[in-house]
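To start, the structure itself, in structure tokens.
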Amino acid sequence: MTTASPWWTPHVHADRRPRLMLRNGLTAALRDWFTRNDFVEVGTAALQVSPGNEAHLAAFATEAVGPDGARSPLYLHTSPEFACKKLLAAGELRIFSLGAVYRNRERGPLHHPEFTMLEWYRVGETYESLMRDCADLLALAATRAGATLFSFRGRDCDPFADPERLTVADAFMRHAGIDLLATVAADGGTDRDALYTALTKAGMRTAPDDSWADLFSRVMVEKIEPHLGIGQATILCEYPVAEAALARPSPRDARVAERFELYCCGVELANGFGELTDAAEQRRRFIIEMDEKERIYGERYPLDEDFLAALAIMPQASGIALGFDRLAMLATGAQKIEDVIWTPVTASRTTAPAASPLVLSVRKPAPASESP
């Protein structure tokens with residue numbers, strides 16, 4: 001049995017280097033675009049008291065030891081979101097962050113335990129402005145890499161074409177024949193049994209202990225995502241409120257939220273919101289998410305009380321997180337995320353032998369801002 005040479009082997013590095021240099025060029029082009037559009041780049045601390053409060057996000061835990069030996073739990077952030085929103089509360093109007101974030105239980109062609117997230121916010125602007133940003137950045141990435149087409153696993157996408165806009169409800173009907181909003185109440189509550197019945201009628205796999213969220217994710221992964229971003233990018237919007245813990249409800253229909261995801265070649269690239277600024281409602285949603293996490297995984301993460309306090313004075317804003325490595329993959333023609341990461345994380349041979357890779361969550365991992 002042959003073993004692949006490490007990434008640092010000279011001949012392997014020589015093969016990887018052209019894509020890595022294109023990655024550097026893309027980084028510079030993105031920073032220039034944001035600067036020209038009056039954004040301020042911000043740095044956010046990787047160590048946080050809470051890594052985020054989505055049920056299916058797994059974080060890396062550590063602790064701070066004070067001069068007196070006192071120990072306090074900390075986590076590597078899964079997103080700079082909480083810190084960025086505190087900066088919006090402080091008075092910043094247009095900001096972006098480009099840096100490393102960390103997620104446990106995730107490794108595969110599209111997942112890496114340490115990856116680069118591009119996150120940006122616009123105060124006083126709707127989340128539709130972020131959709132226009134996404135179209136601009138796709139074209140910018142393609143131009144910088146000299147690509148006329150994005151391709152991944154036999155699926156093609158024109159990065160210069162206007163993205164298609166598709167609601168989640170329309171996607172469920174189009175690709176699975178399921179009336180999703182018939183399972184969502186006027187107040188955003190969900191009917192698990194109704195969705196379970198709909199999946200059964202559609203001939204999809206179900207389990208007796210599936211929750212509404214489990215069923216929703218199964219349809220997304222198996223029936224919908226493979227069809228998104230084919231030929232042109234897809235902006236999948238108006239997620240049910242139950243699947244948008246950090247987004248505000250839509251003024252058009254309280255059953256859905258101002259949340260969208262960007263797809264190219266069936267790959268989720270970005271996750272954007274019209275930001276929720278109701279601190280009491282955000283606390284309620286976080287507690288629901290942590291109750292679900294404890295039910296499934298037997299653990300929960302603390303709430304960032306500092307974040308909730310800042311949220312109470314944060315102005316109306318829209319924000320989005322984009323998986324930079326995935327964008328670099330598509331722009332350079334790479335087929336796995338490690339091909340565009342300068343120094344991939346190497347699993348310890350003593351604690352994680354080749355036969356036992358890092359666990360990849362069975363459920364669809366949380367998206368970029370809750371990203372890729």
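Chain labels run A, B, ... following the order of the structure tokens; each chain numbers its residues from 1, and ligands are numbered from 1 in the order shown.
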**Prompt:** Just asking: which residues within range 37-254 of chain A are strand (DSSP E or B) according to DSSP, as a ChimeraX atom specification?
**Reply:** /A:40-41,47-48,61-65,71-76,94-102,108,111,114-123,150-152,155-158,164-167,184,190,231-232,234-237,240,247,249
**Message:** At a cut-off of 7 Å, using only C-alpha atoms, what residues contact range 267-279 of chain A? Leave out same-chain residues fewer than 3 positions from it and give the result as JSON, numbers by chain.
**Reply:** {"A": [126, 127, 246, 247, 248, 258, 259, 260, 261, 262, 263, 264, 282, 283, 308, 311, 312, 314, 316, 317, 318, 319, 320, 321, 322, 323, 326, 327, 367, 368, 369, 371, 372]}
Please report, as CSV, each residue of range 290-355 of chain A lying at most 9 Å from range 142-153 of chain A, together with the nearest pair of atoms and the separation in Å rounded to one decimal; use only C-alpha atoms, and order rows by chain and ascending residue number.
```
residue,atom,partner,partner_atom,distance
A:Ala328,CA,A:Ala145,CA,8.8
A:Met329,CA,A:Phe152,CA,8.8
A:Leu330,CA,A:Phe150,CA,5.4
A:Ala331,CA,A:Ala142,CA,5.5
A:Thr332,CA,A:Ala145,CA,6.3
A:Gly333,CA,A:Ser151,CA,6.6
A:Ala334,CA,A:Phe152,CA,8.0
A:Gln335,CA,A:Phe152,CA,6.6
```
Just C-alpha atoms for this one: save the residues we selected as a PDB file, in the first residue's frame.
```pdb
ATOM      1  CA  ALA A 328     -10.207  29.726  -4.617  1.00  0.00           C
ATOM      2  CA  MET A 329     -10.856  26.060  -5.461  1.00  0.00           C
ATOM      3  CA  LEU A 330     -13.417  26.900  -8.105  1.00  0.00           C
ATOM      4  CA  ALA A 331     -11.398  29.779  -9.547  1.00  0.00           C
ATOM      5  CA  THR A 332      -8.222  27.673  -9.893  1.00  0.00           C
ATOM      6  CA  GLY A 333      -9.856  24.404 -10.937  1.00  0.00           C
ATOM      7  CA  ALA A 334      -8.805  22.512  -7.789  1.00  0.00           C
ATOM      8  CA  GLN A 335     -10.814  19.442  -6.788  1.00  0.00           C
TER       9      GLN A 335
END
```
**Request:** Excluding Phe115 in chain A and any residue of its chain fewer than 3 positions from it, enumerate the residues within 12 Å of it, using only C-alpha atoms, and give them as a PyMOL selection string.
**Result:** chain A and resi 77-79+98-104+106-107+110-112+118+322-328+337-338+340-345+368+371-372
**Complete:** Here CA of Asp214 in chain A and CA of Gly108 in chain A stand apart by 21.0 Å
**Asked** Hey, can you check how far CA of Arg122 in chain A sits from CA of Pro315 in chain A?
**Response**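 According to the coordinates, CA of Arg122 in chain A and CA of Pro315 in chain A are separated by 10.1 Å.
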**Message:** Env of Lys223 in chain A: 8 Å cut, atoms = only C-alpha atoms, seq-sep filter 5 positions within chain, self excluded. Answer as a PyMOL selection string.
**Reply:** chain A and resi 175-176+218
With N, CA and C atoms retained, write the just-selected residues as a PDB file, in the first residue's frame.
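Contents of again_8.pdb, freshly written:
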```pdb
ATOM      1  N   HIS A 175     -37.515  20.431  -6.924  1.00  0.00           N
ATOM      2  CA  HIS A 175     -36.592  19.305  -6.933  1.00  0.00           C
ATOM      3  C   HIS A 175     -37.033  18.112  -6.088  1.00  0.00           C
ATOM      4  N   ALA A 176     -38.026  18.315  -5.193  1.00  0.00           N
ATOM      5  CA  ALA A 176     -38.475  17.202  -4.348  1.00  0.00           C
ATOM      6  C   ALA A 176     -39.978  17.021  -4.361  1.00  0.00           C
ATOM      7  N   ARG A 218     -31.979  16.778   5.100  1.00  0.00           N
ATOM      8  CA  ARG A 218     -31.875  15.628   4.192  1.00  0.00           C
ATOM      9  C   ARG A 218     -32.361  16.000   2.791  1.00  0.00           C
TER      10      ARG A 218
END
```
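Distances from A:Ala45, A:Leu137, A:Ile287, A:Ala254 to Pro302 in chain A were compared using only C-alpha atoms, and the smallest one belongs to A:Ile287.
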**Request:** Could you pull out the residues in range 172-251 of chain A that DSSP calls alpha helix (DSSP H) from the backbone, as a PyMOL selection string?
**Result:** chain A and resi 172-176+192-201+212-219
Take the residues that were just selected and, keeping C-alpha atoms, output them as a compact mmCIF listing (two decimals), in the first residue's frame.
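Saved result, part.txt, follows:
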```txt
# COMPACT_ATOMS: atom_id res chain seq x y z
CA PHE A 172 -38.36 22.08 -2.41
CA MET A 173 -41.26 21.99 -4.84
CA ARG A 174 -39.10 21.96 -7.98
CA HIS A 175 -36.59 19.31 -6.93
CA ALA A 176 -38.47 17.20 -4.35
CA ARG A 192 -42.35 17.68 12.06
CA ASP A 193 -45.00 15.08 11.30
CA ALA A 194 -46.20 16.93 8.20
CA LEU A 195 -42.68 17.10 6.77
CA TYR A 196 -42.04 13.47 7.71
CA THR A 197 -45.15 12.46 5.77
CA ALA A 198 -44.09 14.57 2.79
CA LEU A 199 -40.67 12.89 2.65
CA THR A 200 -42.24 9.46 2.91
CA LYS A 201 -44.58 10.23 0.01
CA TRP A 212 -38.02 18.68 11.40
CA ALA A 213 -34.50 20.10 11.02
CA ASP A 214 -33.08 16.65 10.21
CA LEU A 215 -35.71 16.14 7.52
CA PHE A 216 -35.14 19.62 6.10
CA SER A 217 -31.39 19.01 5.86
CA ARG A 218 -31.88 15.63 4.19
CA VAL A 219 -33.95 17.15 1.40
```
**Among the residues A:Val123, A:Leu20, A:Ala233, A:Val241, the one that comes closest to Glu92 in chain A [using only C-alpha atoms]** =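 Nearest candidate to Glu92 in chain A out of A:Val123, A:Leu20, A:Ala233, A:Val241: A:Val123.
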**Message:** Quick check, in Å to one decimal: how far apart do CA of Ala202 in chain A and CA of Ile178 in chain A lie?
**Reply:**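 Between CA of Ala202 in chain A and CA of Ile178 in chain A the gap works out to 7.6 Å.
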**Asked** Which of these, A:Ser129, A:Thr167, A:Thr190, A:Thr116, has the shortest distance to Glu238 in chain A once you count only C-alpha atoms?
**Response** A:Thr167
**Selected residue, from A:Ala58, A:Leu87, A:Ala70, A:Ala28, that lies nearest to Tyr301 in chain A when counting only C-alpha atoms** = A:Ala58
